[in-house]
$ cat query-v3.cif   # mmCIF, N, CA and C atoms and all ligand atoms
data_model
#
loop_
_atom_site.label_atom_id
_atom_site.label_comp_id
_atom_site.auth_asym_id
_atom_site.auth_seq_id
_atom_site.Cartn_x
_atom_site.Cartn_y
_atom_site.Cartn_z
N MET A 1 -5.05 -30.73 -84.25
CA MET A 1 -4.28 -29.69 -83.60
C MET A 1 -5.05 -28.37 -83.64
N SER A 2 -5.25 -27.76 -82.49
CA SER A 2 -5.98 -26.50 -82.52
C SER A 2 -5.04 -25.32 -82.35
N GLN A 3 -5.33 -24.28 -83.08
CA GLN A 3 -4.55 -23.05 -83.05
C GLN A 3 -5.48 -21.86 -82.92
N PHE A 4 -4.95 -20.75 -82.46
CA PHE A 4 -5.76 -19.55 -82.34
C PHE A 4 -5.73 -18.74 -83.63
N LEU A 5 -6.92 -18.32 -84.06
CA LEU A 5 -7.06 -17.40 -85.18
C LEU A 5 -7.98 -16.29 -84.72
N ARG A 6 -7.70 -15.10 -85.17
CA ARG A 6 -8.58 -14.00 -84.81
C ARG A 6 -9.78 -14.04 -85.74
N ASN A 7 -10.95 -13.76 -85.20
CA ASN A 7 -12.11 -13.66 -86.08
C ASN A 7 -12.85 -12.36 -85.80
N TRP A 8 -13.81 -12.04 -86.64
CA TRP A 8 -14.50 -10.75 -86.54
C TRP A 8 -15.94 -10.96 -86.15
N LYS A 9 -16.37 -10.19 -85.19
CA LYS A 9 -17.75 -10.29 -84.72
C LYS A 9 -18.16 -8.90 -84.29
N GLU A 10 -19.45 -8.59 -84.44
CA GLU A 10 -19.92 -7.27 -84.03
C GLU A 10 -20.26 -7.28 -82.54
N PHE A 11 -19.79 -6.27 -81.82
CA PHE A 11 -20.06 -6.19 -80.39
C PHE A 11 -20.66 -4.83 -80.04
N ASP A 12 -21.40 -4.80 -78.96
CA ASP A 12 -21.85 -3.54 -78.37
C ASP A 12 -20.69 -3.07 -77.50
N ILE A 13 -20.03 -2.01 -77.91
CA ILE A 13 -18.79 -1.60 -77.25
C ILE A 13 -19.04 -1.18 -75.79
N GLN A 14 -20.22 -0.66 -75.50
CA GLN A 14 -20.53 -0.30 -74.10
C GLN A 14 -20.69 -1.55 -73.24
N ASP A 15 -21.22 -2.60 -73.83
CA ASP A 15 -21.36 -3.86 -73.11
C ASP A 15 -19.97 -4.44 -72.80
N ILE A 16 -19.05 -4.30 -73.75
CA ILE A 16 -17.68 -4.77 -73.52
C ILE A 16 -17.07 -3.97 -72.35
N THR A 17 -17.17 -2.65 -72.43
CA THR A 17 -16.58 -1.80 -71.37
C THR A 17 -17.16 -2.15 -70.00
N ARG A 18 -18.45 -2.41 -69.95
CA ARG A 18 -19.09 -2.73 -68.66
C ARG A 18 -18.60 -4.04 -68.06
N HIS A 19 -18.15 -4.96 -68.90
CA HIS A 19 -17.84 -6.31 -68.40
C HIS A 19 -16.43 -6.78 -68.76
N LEU A 20 -15.53 -5.82 -68.97
CA LEU A 20 -14.18 -6.21 -69.42
C LEU A 20 -13.15 -6.18 -68.30
N LEU A 21 -12.43 -7.27 -68.21
CA LEU A 21 -11.30 -7.39 -67.30
C LEU A 21 -10.04 -7.23 -68.14
N ILE A 22 -9.23 -6.23 -67.79
CA ILE A 22 -8.01 -5.98 -68.57
C ILE A 22 -6.81 -6.55 -67.83
N LEU A 23 -6.14 -7.44 -68.50
CA LEU A 23 -4.99 -8.12 -67.92
C LEU A 23 -3.75 -7.24 -68.02
N GLY A 24 -3.12 -6.98 -66.87
CA GLY A 24 -1.87 -6.24 -66.86
C GLY A 24 -0.73 -7.21 -66.64
N ASP A 25 0.44 -6.72 -66.27
CA ASP A 25 1.58 -7.62 -66.07
C ASP A 25 1.40 -8.53 -64.85
N LEU A 26 0.90 -7.96 -63.76
CA LEU A 26 0.76 -8.75 -62.54
C LEU A 26 -0.69 -9.00 -62.14
N SER A 27 -1.52 -8.01 -62.36
CA SER A 27 -2.92 -8.16 -61.97
C SER A 27 -3.78 -7.52 -63.05
N GLY A 28 -5.09 -7.48 -62.79
CA GLY A 28 -5.98 -6.95 -63.81
C GLY A 28 -6.67 -5.68 -63.36
N ASP A 29 -7.29 -5.00 -64.30
CA ASP A 29 -8.13 -3.89 -63.90
C ASP A 29 -9.48 -3.93 -64.62
N CYS A 30 -10.43 -3.26 -63.98
CA CYS A 30 -11.82 -3.26 -64.44
C CYS A 30 -12.01 -2.10 -65.43
N ALA A 31 -12.48 -2.40 -66.65
CA ALA A 31 -12.68 -1.34 -67.65
C ALA A 31 -13.87 -0.47 -67.27
N ASN A 32 -14.76 -0.99 -66.45
CA ASN A 32 -15.97 -0.25 -66.08
C ASN A 32 -15.69 0.87 -65.09
N CYS A 33 -14.93 0.57 -64.01
CA CYS A 33 -14.70 1.59 -62.98
C CYS A 33 -13.21 1.88 -62.77
N ARG A 34 -12.36 1.19 -63.52
CA ARG A 34 -10.91 1.40 -63.47
C ARG A 34 -10.24 0.92 -62.18
N GLU A 35 -10.94 0.10 -61.42
CA GLU A 35 -10.34 -0.49 -60.22
C GLU A 35 -9.10 -1.29 -60.63
N LEU A 36 -8.02 -1.17 -59.85
CA LEU A 36 -6.76 -1.86 -60.16
C LEU A 36 -6.54 -3.03 -59.21
N GLY A 37 -5.57 -3.85 -59.53
CA GLY A 37 -5.15 -4.92 -58.62
C GLY A 37 -6.13 -6.07 -58.48
N ILE A 38 -6.87 -6.35 -59.53
CA ILE A 38 -7.84 -7.45 -59.49
C ILE A 38 -7.15 -8.78 -59.83
N ASP A 39 -7.52 -9.82 -59.13
CA ASP A 39 -6.95 -11.15 -59.40
C ASP A 39 -7.51 -11.65 -60.73
N THR A 40 -6.69 -11.55 -61.76
CA THR A 40 -7.13 -11.83 -63.13
C THR A 40 -7.64 -13.26 -63.32
N TRP A 41 -7.06 -14.19 -62.59
CA TRP A 41 -7.38 -15.60 -62.86
C TRP A 41 -8.53 -16.11 -62.01
N LYS A 42 -8.96 -15.32 -61.03
CA LYS A 42 -10.02 -15.82 -60.14
C LYS A 42 -11.26 -14.94 -60.07
N ALA A 43 -11.09 -13.62 -60.23
CA ALA A 43 -12.22 -12.71 -59.98
C ALA A 43 -13.36 -12.93 -60.98
N LEU A 44 -14.55 -13.20 -60.44
CA LEU A 44 -15.73 -13.35 -61.29
C LEU A 44 -16.39 -12.00 -61.52
N GLU A 45 -16.19 -11.12 -60.54
CA GLU A 45 -16.74 -9.77 -60.66
C GLU A 45 -15.75 -8.77 -60.08
N CYS A 46 -15.98 -7.48 -60.36
CA CYS A 46 -15.11 -6.44 -59.85
C CYS A 46 -15.38 -6.23 -58.36
N PRO A 47 -14.33 -6.21 -57.54
CA PRO A 47 -14.55 -6.02 -56.10
C PRO A 47 -15.10 -4.64 -55.76
N LYS A 48 -14.94 -3.68 -56.64
CA LYS A 48 -15.42 -2.32 -56.36
C LYS A 48 -16.84 -2.07 -56.92
N CYS A 49 -17.01 -2.21 -58.24
CA CYS A 49 -18.31 -1.87 -58.83
C CYS A 49 -19.22 -3.10 -59.00
N HIS A 50 -18.68 -4.28 -58.72
CA HIS A 50 -19.43 -5.54 -58.77
C HIS A 50 -19.98 -5.92 -60.14
N THR A 51 -19.41 -5.34 -61.19
CA THR A 51 -19.82 -5.79 -62.52
C THR A 51 -19.31 -7.22 -62.72
N LYS A 52 -20.08 -8.01 -63.42
CA LYS A 52 -19.68 -9.40 -63.67
C LYS A 52 -18.80 -9.39 -64.93
N PHE A 53 -17.64 -10.02 -64.85
CA PHE A 53 -16.76 -10.04 -66.01
C PHE A 53 -17.24 -11.07 -67.03
N LYS A 54 -17.25 -10.63 -68.30
CA LYS A 54 -17.63 -11.52 -69.40
C LYS A 54 -16.53 -11.58 -70.46
N PHE A 55 -15.67 -10.55 -70.46
CA PHE A 55 -14.62 -10.46 -71.48
C PHE A 55 -13.27 -10.23 -70.83
N ILE A 56 -12.23 -10.64 -71.51
CA ILE A 56 -10.88 -10.41 -71.03
C ILE A 56 -10.01 -9.96 -72.21
N ALA A 57 -9.10 -9.02 -71.95
CA ALA A 57 -8.18 -8.55 -72.98
C ALA A 57 -6.85 -8.25 -72.31
N SER A 58 -5.78 -8.32 -73.07
CA SER A 58 -4.46 -8.04 -72.51
C SER A 58 -3.89 -6.76 -73.11
N ARG A 59 -3.54 -5.84 -72.25
CA ARG A 59 -2.93 -4.59 -72.70
C ARG A 59 -1.58 -4.87 -73.34
N ARG A 60 -0.93 -5.91 -72.84
CA ARG A 60 0.41 -6.28 -73.29
C ARG A 60 0.44 -6.68 -74.77
N SER A 61 -0.66 -7.24 -75.24
CA SER A 61 -0.65 -7.73 -76.63
C SER A 61 -0.49 -6.58 -77.62
N ALA A 62 -0.89 -5.35 -77.22
CA ALA A 62 -0.74 -4.21 -78.11
C ALA A 62 0.74 -3.80 -78.23
N ASP A 63 1.47 -3.88 -77.11
CA ASP A 63 2.89 -3.49 -77.11
C ASP A 63 3.81 -4.62 -77.57
N HIS A 64 3.35 -5.84 -77.45
CA HIS A 64 4.16 -7.00 -77.82
C HIS A 64 3.38 -7.89 -78.78
N PRO A 65 3.21 -7.42 -80.03
CA PRO A 65 2.37 -8.17 -80.97
C PRO A 65 2.85 -9.61 -81.20
N GLY A 66 4.15 -9.85 -81.01
CA GLY A 66 4.67 -11.20 -81.19
C GLY A 66 4.14 -12.18 -80.15
N GLU A 67 3.69 -11.64 -79.02
CA GLU A 67 3.18 -12.50 -77.94
C GLU A 67 1.68 -12.65 -77.97
N ARG A 68 1.07 -12.03 -78.95
CA ARG A 68 -0.39 -11.97 -79.01
C ARG A 68 -1.07 -13.34 -78.90
N PHE A 69 -0.57 -14.31 -79.65
CA PHE A 69 -1.21 -15.62 -79.67
C PHE A 69 -0.96 -16.38 -78.37
N GLN A 70 0.25 -16.21 -77.84
CA GLN A 70 0.58 -16.83 -76.55
C GLN A 70 -0.34 -16.28 -75.45
N LEU A 71 -0.53 -14.95 -75.47
CA LEU A 71 -1.39 -14.31 -74.49
C LEU A 71 -2.84 -14.76 -74.64
N ALA A 72 -3.27 -14.86 -75.89
CA ALA A 72 -4.65 -15.31 -76.15
C ALA A 72 -4.84 -16.71 -75.59
N ARG A 73 -3.86 -17.56 -75.78
CA ARG A 73 -3.96 -18.93 -75.27
C ARG A 73 -3.98 -18.93 -73.73
N ARG A 74 -3.10 -18.12 -73.14
CA ARG A 74 -3.04 -18.05 -71.68
C ARG A 74 -4.36 -17.57 -71.09
N MET A 75 -4.93 -16.53 -71.70
CA MET A 75 -6.20 -16.00 -71.21
C MET A 75 -7.33 -17.00 -71.42
N SER A 76 -7.32 -17.62 -72.58
CA SER A 76 -8.38 -18.57 -72.90
C SER A 76 -8.32 -19.79 -71.99
N GLU A 77 -7.12 -20.27 -71.72
CA GLU A 77 -6.99 -21.45 -70.86
C GLU A 77 -7.18 -21.10 -69.38
N GLY A 78 -6.74 -19.89 -69.01
CA GLY A 78 -6.87 -19.47 -67.62
C GLY A 78 -8.27 -19.05 -67.24
N ARG A 79 -9.01 -18.55 -68.23
CA ARG A 79 -10.37 -18.07 -67.96
C ARG A 79 -11.33 -18.61 -69.02
N ARG A 80 -11.69 -19.86 -68.89
CA ARG A 80 -12.58 -20.49 -69.87
C ARG A 80 -13.97 -19.85 -69.85
N ASP A 81 -14.27 -19.14 -68.75
CA ASP A 81 -15.59 -18.52 -68.61
C ASP A 81 -15.69 -17.17 -69.32
N LEU A 82 -14.56 -16.62 -69.77
CA LEU A 82 -14.57 -15.29 -70.38
C LEU A 82 -14.23 -15.37 -71.87
N MET A 83 -14.76 -14.42 -72.63
CA MET A 83 -14.43 -14.34 -74.05
C MET A 83 -13.21 -13.43 -74.23
N VAL A 84 -12.21 -13.92 -74.94
CA VAL A 84 -11.00 -13.14 -75.18
C VAL A 84 -11.25 -12.16 -76.32
N VAL A 85 -11.03 -10.87 -76.04
CA VAL A 85 -11.13 -9.87 -77.12
C VAL A 85 -9.77 -9.20 -77.31
N ASP A 86 -9.56 -8.64 -78.48
CA ASP A 86 -8.27 -8.02 -78.78
C ASP A 86 -8.23 -6.60 -78.20
N TYR A 87 -7.28 -6.34 -77.35
CA TYR A 87 -7.21 -5.05 -76.66
C TYR A 87 -7.01 -3.90 -77.65
N ASP A 88 -6.20 -4.12 -78.64
CA ASP A 88 -5.92 -3.10 -79.65
C ASP A 88 -7.21 -2.66 -80.35
N ASP A 89 -8.00 -3.64 -80.77
CA ASP A 89 -9.28 -3.34 -81.43
C ASP A 89 -10.18 -2.55 -80.49
N TYR A 90 -10.26 -3.01 -79.25
CA TYR A 90 -11.11 -2.37 -78.25
C TYR A 90 -10.66 -0.94 -78.01
N HIS A 91 -9.37 -0.78 -77.80
CA HIS A 91 -8.81 0.52 -77.48
C HIS A 91 -9.00 1.52 -78.62
N ARG A 92 -8.79 1.07 -79.84
CA ARG A 92 -8.99 1.93 -81.01
C ARG A 92 -10.44 2.38 -81.11
N THR A 93 -11.35 1.45 -80.88
CA THR A 93 -12.78 1.78 -80.99
C THR A 93 -13.17 2.79 -79.91
N ILE A 94 -12.73 2.54 -78.69
CA ILE A 94 -13.02 3.46 -77.58
C ILE A 94 -12.41 4.83 -77.87
N GLY A 95 -11.18 4.85 -78.35
CA GLY A 95 -10.49 6.10 -78.67
C GLY A 95 -11.24 6.88 -79.74
N GLY A 96 -11.71 6.18 -80.76
CA GLY A 96 -12.46 6.81 -81.85
C GLY A 96 -13.77 7.38 -81.34
N GLN A 97 -14.41 6.63 -80.44
CA GLN A 97 -15.69 7.07 -79.90
C GLN A 97 -15.51 8.32 -79.02
N LYS A 98 -14.45 8.31 -78.20
CA LYS A 98 -14.17 9.47 -77.34
C LYS A 98 -13.91 10.71 -78.18
N ALA A 99 -13.17 10.55 -79.28
CA ALA A 99 -12.87 11.68 -80.16
C ALA A 99 -14.15 12.22 -80.78
N ARG A 100 -15.03 11.31 -81.21
CA ARG A 100 -16.30 11.76 -81.80
C ARG A 100 -17.15 12.51 -80.77
N ASP A 101 -17.19 11.97 -79.54
CA ASP A 101 -17.96 12.62 -78.47
C ASP A 101 -17.39 14.00 -78.16
N PHE A 102 -16.07 14.11 -78.19
CA PHE A 102 -15.39 15.37 -77.90
C PHE A 102 -15.77 16.43 -78.94
N PHE A 103 -15.78 16.02 -80.22
CA PHE A 103 -16.07 17.00 -81.27
C PHE A 103 -17.55 17.36 -81.35
N LYS A 104 -18.39 16.48 -80.79
CA LYS A 104 -19.82 16.75 -80.78
C LYS A 104 -20.16 17.84 -79.78
N SER A 105 -19.42 17.84 -78.64
CA SER A 105 -19.77 18.79 -77.58
C SER A 105 -19.08 20.14 -77.78
ZN ZN B 1 -15.22 -2.21 -61.49
#

$ encode --input "query-v3.cif" --output "structure tokens"
Amino acid sequence: MSQFLRNWKEFDIQDITRHLLILGDLSGDCANCRELGIDTWKALECPKCHTKFKFIASRRSADHPGERFQLARRMSEGRRDLMVVDYDDYHRTIGGQKARDFFKS
């Protein structure tokens, strides 16, 4: 019986941003150029900036932690070609980086 467990791996956060498809309630958006309305289950690349998607995350998992594993399974089964990353982790890291950049300037 296989189950989902979260694991830890080091990523280049800019590489994630460049190739991340963010799953919304009905469609997806591109983390690279913020294009909306992308077909989450079919799009291989962003229709606007043409970045190739390599990662997928669900914004919903942050607001509905109880659905996190269900969402991970849905994304993993729906997009076997993409690596599922945790949106909360990604968002926190990006937020921290933006804050550091802000205080630097
Ligand atoms: Zn894009």

$ atom_distance --input "query-v3.cif" --atom1 "atom N of Tyr87 (chain A)" --atom2 "atom N of Asp101 (chain A)"
20.9 Å

$ residues_around --input "query-v3.cif" --residues "His19 (chain A)" --least-positions-apart "5" --cutoff "6.5 Å" --atoms "all atoms listed in the file" --output "count of residues only"
9

$ residues_near_ligand --input "query-v3.cif" --ligand "ligand ZN 1 (chain B)" --cutoff "12 Å" --atoms "only C-alpha atoms and all ligand atoms" --output "list in words"
Thr17, Arg18, His19, Leu20, Leu21, Ile22, Gly28, Asp29, Cys30, Ala31, Asn32, Cys33, Arg34, Glu35, Leu36, Gly37, Ile38, Ala43, Leu44, Glu45, Cys46, Pro47, Lys48, Cys49, His50, Thr51, Lys52 and Phe53 of chain A

$ select_by_dssp --input "query-v3.cif" --residues "chain A" --states "strand (DSSP E)" --output "list in words"
Leu20, Leu21, Ile22, Leu23, Gly28, Asp29, Cys30, Phe55, Ile56, Ala57, Ser58, Met83 and Val84 of chain A

$ closest_residue --input "query-v3.cif" --among "A:Arg68, A:Lys104, A:Arg59, A:His91" --to "Leu23 (chain A)" --atoms "all atoms listed in the file"
A:Arg59

$ select_by_dssp --input "query-v3.cif" --residues "chain A" --states "alpha helix (DSSP H)" --output "PyMOL selection string"
chain A and resi 13-18+60-63+68-78+87-104

$ atom_distance --input "query-v3.cif" --atom1 "atom N of Pro65 (chain A)" --atom2 "atom C of Arg6 (chain A)"
15.7 Å

$ atom_distance --input "query-v3.cif" --atom1 "atom C of Asn7 (chain A)" --atom2 "atom C of Gly78 (chain A)"
20.3 Å

$ closest_residue --input "query-v3.cif" --among "A:Gln70, A:Phe103, A:Gly96, A:Arg79" --to "Trp41 (chain A)" --atoms "only N, CA and C atoms"
A:Arg79

$ closest_residue --input "query-v3.cif" --among "A:Ala72, A:Ala99, A:Ala62, A:Ile16" --to "Phe4 (chain A)" --atoms "all atoms listed in the file"
A:Ala72

$ residues_around --input "query-v3.cif" --residues "Asp88 (chain A)" --least-positions-apart "4" --cutoff "8 Å" --atoms "all atoms listed in the file" --output "VMD selection string"
chain A and resid 57 to 59 61 to 63 92 to 94
